Amino acid sequence: MASFTERMVPVLVLWLAVCLAETWAVDRGNFKTCDQSAFCKRQRALKPGESPYRALLETMELTNTRLTLQLINDNNKVRLLLELYRLQGNITRVKINELKPLKPRYEVPDVLIREPPTEPLSLLSQDENGVVLSLGSESQRVIISARPFRLDIMEGSDVLMSLNSRGLLTFEHLRMRKDTFSYKVTSTVASVWDNIKRVFSSQADPEAEKKEEADPANQAETTKEEEEKVEDGMWEETFKSHSDSKPNGPSAISLDFSLPGVEHVYGIPEHADTLRLKTTENGDPYRLYNLDVFQYELYNPMALYGAVPVMLAHNTQRTTGIFWLNAAETWVDISSNTAGKTVFGKMLDYVQGSSETPQTDVRWISESGIIDVFLMLGPTPKDVFSQYASLTGTQSFPPLASLGYHQCRWNYNDQEDVQSVDAGFDEHDIPYDFIWLDIEHTDGKRYFTWDPHKFATPKEMLQGLMDKKRKLVAIVDPHIKVDSNYKIHNEIRSKGFYIKNKDGGDYEGWCWPGSASYPDFFRADMRAWWASMFAYDQYEGSMENMYTWNDMNEPSVFNGPEVTMHKDTVHGAWEHRDVHNLYGFYVQMATAEGLIQRSGGIERPFVLTRAFFAGSQRYGAVWTGDNAAEWDHLKISIPMCLSLGLVGISFCGADVGGFFKSPSTELLVRWYQTGAYQPFFRAHAHLDTPRREPWLFGPENTALIREAVRQRYTLLPYWYQQFYHAHRTGEPIMRPLWVEYPQDPATFSCLNLFVCSQVWFDIHTFQKHNGAQNLYIPVTMSSIPVFQRGGSIIPRKVRVRRSSTCMEHDPYTLYVALNLQRTAEGELYIDDGHTFNYEKKEFIHRRLSFAKNILSSVNLAPDAQFTTRSWIERVVILGASKPSKVTLQTAGEYSQLEFDFDASMSVLTLRKPGMNAGADWTVMLQ
């Protein structure tokens, strides 16, 4: 049994996922292990021990906002520059770079929404062993130890986090390669020249020799020890038939973090694995490297389509976070001193009074770039969400329609097929908002075009959907067919906007169109041009009810190493190895900007992406990629989306039914019932699978699917309010139980139980369940185990129509679930559902509350202006007592309301109160 909550603080969904089918495994031989990745193997071979890095305290400079300090590697004398900042909101930033690099090293731009505002640092103490700095108060401070270098963040007597406590800091400096002969000659000439300089300079300055040795500018570019390791993949390496040249040699960075008192860590998506991250000591580290993984395997640390280098650590006292801002290939090792201990073993430790404090150690290893890490110090889960949002932004606020149901397959054949599927939904009374077109809708995989025979009049098709208040999504991938008769290709080539190979020519790879080149989205001018192509006069056949899907943007290169781009391709001054994980981020950014620009900045975009990075939440939705029609894939969709929500990406879902293979009828129904309660709700299927529109599996199953989709639509007001909240605060919409119950250890490790001293109500039967127990809920094919928490108020629209837009002015029903104190709270948010006018205060935001037998609606945004035609047509109070009368007060007037009371279920229903959803009102039970 897997359970999760969706900010659904008030809503708990329990899910039964039975593993009936064997997973169709990925071909692992196409993707590197750590041992096959030279820098990972090299760094992982280093074992914990005394660090060679020493802090040179005499170089310390402290301003009001920044501390700088040089570090020296006593083995090779290379100096690094440490920068430390105290940021607003209880965040500490640590940057480490070469003091004098051979050339600049890559620092990630555009991911941070601004340069983070700083707060003053102050020096508390200093001696020859280190320095102590205050982080705003004496209770929270940073201790920098000099020999070996180590950084500890403390609060009172507790160590919150330690850096380099295991001595695994590594910073491979850039260098020029020399063959053996030239190295010996250069060394000989250098020795002669050094002797000449010493003779003359020592007469003028007796300290000259000492200074000469200490000056990093005069270090040997390649030491003898380093020359002996050339064969270890430092300058070039081969994987299968692909060779990767490294003109600046090894450039890997690594740093370890120790988390005392912590046993549970989460995050670093995307992996098809459990929510709680596992230790990696007996296998590969978790890998962050955006890849097109065909039929990915479950429960392992292999890289998938996206990479968000953010980890959360949690115990009963505190939640903290680590944001490792690096876009290169990254591996994350996790170890724990409690890993492998059974529950009995832990109990024995407790009985025997073991003094061992639980601790988790995390090591980050990246191929290039610099160390730029943000330590988010909580202390609560919601504080960490807020801290991360202050750095990378919040989830974009999507159009309301995008929260409805999406129907997709690869591919709907032609316009007649689209019209037939659209009519099928009406015939079977199933609502939907978006129908999707995959790559076959184009003219020979030329994006921004239409097949001239199958989609000859796209505007006619789009207008037909618009007449029913429905929309369409068309795919636009970032591999561009190399074809001199293709306008998009010719323009990109003429402007020099393609990524270059290491020899300076346009890089070409193989993808769906055949030979393809890849736009360099790291160029701002390229992104601006791409955005301009979505204008209605550029993208022929497009209309305002057409939106975009960016697939294959890892980038996927069928004949490239690991099905992606060669690392030695070039983006201006940077190699692809430096920037790889950002490619999909920029593709989605440029596409979203294009949809905004085409409307003159009025309409909110909807863009789905497969590849993503930290900050991608600002541009739209993601999905879990090419899953399979298997029970395990249904089950894994829950922790995969939960992990994404924890690191800011709330708008997540999985292909309902599974992309590959064909689901059994039971699996398909169960997947719809799960997908209806995930933020992004889309069915999708592979080209070679049988058709699976919801009405093709018999009337009984059609009815079950219809009911699941209709439940989604009744809850759209609540989903929309949750997205507005996520957009404002950064808090996830779909969230694990430990976020809501951070002091309950039973929620930390697994998704299959909850222990809460609360009251829960079945949203279908209104049956009441008390908390502080494990519940075994009988589940039939026709039931979805969903519960509303006592103490919550949830608005629904129970008149389900063909699309969300058709329901815009329909009335609300309020479901009030009382807790043990007989109180409840909720919110209602309303705006136009599709423009940016909410930013101009054109919305309604109301607090709904029940206490002392009074239900009221109070304006949370008195400076906002918006009107609605919707009204409150019913109020259902769960856990109520029977009143003698019910009085409504609105606009100074009083009226008596009719009500029904079900004594067997303690449910009070107020019928037709009729107040406007945007008005102040009070209902009094007497």
# chains A, B, ... in the order shown; residues from 1 in each chain; ligands from 1
call {"tool": "closest_atom_pairs", "arguments": {"of": "segment 644-762 of chain A", "to": "segment 898-919 of chain A", "cutoff": "12 Å", "atoms": "only C-alpha atoms", "output": "Markdown table"}}
result
| residue | atom | partner | partner_atom | distance |
| --- | --- | --- | --- | --- |
| A:Pro717 | CA | A:Ala917 | CA | 11.8 |
| A:Phe761 | CA | A:Met905 | CA | 10.3 |
| A:Asp762 | CA | A:Met905 | CA | 11.1 |
call {"tool": "write_last_selection", "arguments": {"atoms": "N, CA, C and O atoms", "output": "mmCIF file, in the first residue's frame"}}
result
data_model
loop_
_atom_site.group_PDB
_atom_site.id
_atom_site.type_symbol
_atom_site.label_atom_id
_atom_site.label_comp_id
_atom_site.auth_asym_id
_atom_site.auth_seq_id
_atom_site.Cartn_x
_atom_site.Cartn_y
_atom_site.Cartn_z
ATOM 1 N N PRO A 717 -11.477 23.155 -8.613
ATOM 2 C CA PRO A 717 -11.294 24.374 -7.805
ATOM 3 C C PRO A 717 -10.232 24.198 -6.727
ATOM 4 O O PRO A 717 -9.462 25.124 -6.440
ATOM 5 N N PHE A 761 -12.171 11.448 6.717
ATOM 6 C CA PHE A 761 -13.475 11.095 6.181
ATOM 7 C C PHE A 761 -13.318 10.585 4.757
ATOM 8 O O PHE A 761 -12.669 11.230 3.929
ATOM 9 N N ASP A 762 -13.913 9.423 4.474
ATOM 10 C CA ASP A 762 -13.963 8.926 3.110
ATOM 11 C C ASP A 762 -14.766 9.920 2.273
ATOM 12 O O ASP A 762 -15.906 10.264 2.620
#
call {"tool": "closest_residue", "arguments": {"among": "A:Lys468, A:Arg318, A:Arg706, A:His686", "to": "Gly657 of chain A", "atoms": "only C-alpha atoms"}}
result
A:His686
call {"tool": "residues_around", "arguments": {"residues": "segment 276-279 of chain A", "least_positions_apart": "5", "cutoff": "6 Å", "atoms": "only C-alpha atoms", "output": "list in words"}}
result
Val265, Tyr266, Ile334 and Ser335 of chain A
call {"tool": "select_by_dssp", "arguments": {"residues": "segment 303-488 of chain A", "states": "strand (DSSP E or B)", "output": "ChimeraX atom specification"}}
result
/A:310-314,319-324,330-336,359-366,371-376,405-407,434-437,471-475,480-481
call {"tool": "residues_around", "arguments": {"residues": "Arg846 of chain A", "least_positions_apart": "6", "cutoff": "9 Å", "atoms": "only C-alpha atoms", "output": "list in words"}}
result
Gly826, Glu827, Leu828, Tyr829, Ile830, Ser857, Val858, Asn859, Leu860, Ala861, Ala917, Gly918, Ala919 and Asp920 of chain A
call {"tool": "write_last_selection", "arguments": {"atoms": "N, CA, C and O atoms", "output": "short mmCIF file (atom, residue, chain, number, x, y, z; two decimals), in the first residue's frame"}}
result
data_model
loop_
_atom_site.label_atom_id
_atom_site.label_comp_id
_atom_site.auth_asym_id
_atom_site.auth_seq_id
_atom_site.Cartn_x
_atom_site.Cartn_y
_atom_site.Cartn_z
N GLY A 826 -10.25 26.39 5.23
CA GLY A 826 -9.92 26.16 3.84
C GLY A 826 -9.84 27.48 3.11
O GLY A 826 -9.97 28.55 3.72
N GLU A 827 -9.61 27.41 1.80
CA GLU A 827 -9.53 28.61 0.99
C GLU A 827 -10.28 28.39 -0.32
O GLU A 827 -10.49 27.25 -0.76
N LEU A 828 -10.64 29.50 -0.94
CA LEU A 828 -11.25 29.49 -2.26
C LEU A 828 -10.56 30.56 -3.09
O LEU A 828 -10.53 31.73 -2.69
N TYR A 829 -10.00 30.15 -4.22
CA TYR A 829 -9.31 31.09 -5.11
C TYR A 829 -9.99 31.05 -6.48
O TYR A 829 -10.24 29.98 -7.04
N ILE A 830 -10.27 32.24 -7.04
CA ILE A 830 -10.92 32.35 -8.34
C ILE A 830 -10.26 33.48 -9.12
O ILE A 830 -10.04 34.57 -8.58
N SER A 857 -16.99 33.17 5.36
CA SER A 857 -16.10 33.44 4.22
C SER A 857 -15.58 34.86 4.37
O SER A 857 -16.36 35.82 4.41
N VAL A 858 -14.24 35.00 4.46
CA VAL A 858 -13.60 36.29 4.70
C VAL A 858 -12.61 36.57 3.59
O VAL A 858 -11.87 35.67 3.16
N ASN A 859 -12.55 37.81 3.13
CA ASN A 859 -11.67 38.21 2.03
C ASN A 859 -10.22 38.22 2.49
O ASN A 859 -9.85 38.94 3.43
N LEU A 860 -9.37 37.44 1.82
CA LEU A 860 -7.94 37.42 2.13
C LEU A 860 -7.16 38.44 1.32
O LEU A 860 -5.97 38.66 1.59
N ALA A 861 -7.79 39.05 0.32
CA ALA A 861 -7.10 40.01 -0.56
C ALA A 861 -8.01 41.21 -0.78
O ALA A 861 -8.56 41.38 -1.88
N ALA A 917 -19.95 33.47 -4.65
CA ALA A 917 -18.70 32.88 -4.17
C ALA A 917 -17.66 33.92 -3.78
O ALA A 917 -16.72 33.62 -3.03
N GLY A 918 -17.81 35.15 -4.27
CA GLY A 918 -16.85 36.20 -3.94
C GLY A 918 -17.30 37.13 -2.83
O GLY A 918 -16.62 38.13 -2.55
N ALA A 919 -18.43 36.84 -2.18
CA ALA A 919 -19.00 37.74 -1.18
C ALA A 919 -18.62 37.33 0.24
O ALA A 919 -18.26 36.18 0.49
N ASP A 920 -18.73 38.28 1.18
CA ASP A 920 -18.65 37.96 2.60
C ASP A 920 -19.97 37.34 3.04
O ASP A 920 -21.05 37.83 2.66
#
call {"tool": "select_by_dssp", "arguments": {"residues": "segment 363-540 of chain A", "states": "helix (DSSP H, G or I)", "output": "number ranges by chain"}}
result
A: 381-392, 400-403, 415-427, 439-441, 458-467, 487-495, 524-532
call {"tool": "residues_around", "arguments": {"residues": "Gln419 of chain A", "least_positions_apart": "2", "cutoff": "12 Å", "atoms": "only C-alpha atoms", "output": "list in words"}}
result
Tyr412, Asn413, Asp414, Gln415, Glu416, Asp417, Val421, Asp422, Ala423, Gly424, Phe425, Asp426, Ile435, Phe455, Pro458, Glu460, Met461, Leu462, Gln463, Gly464, Leu465, Lys468, Arg470 and Leu472 of chain A
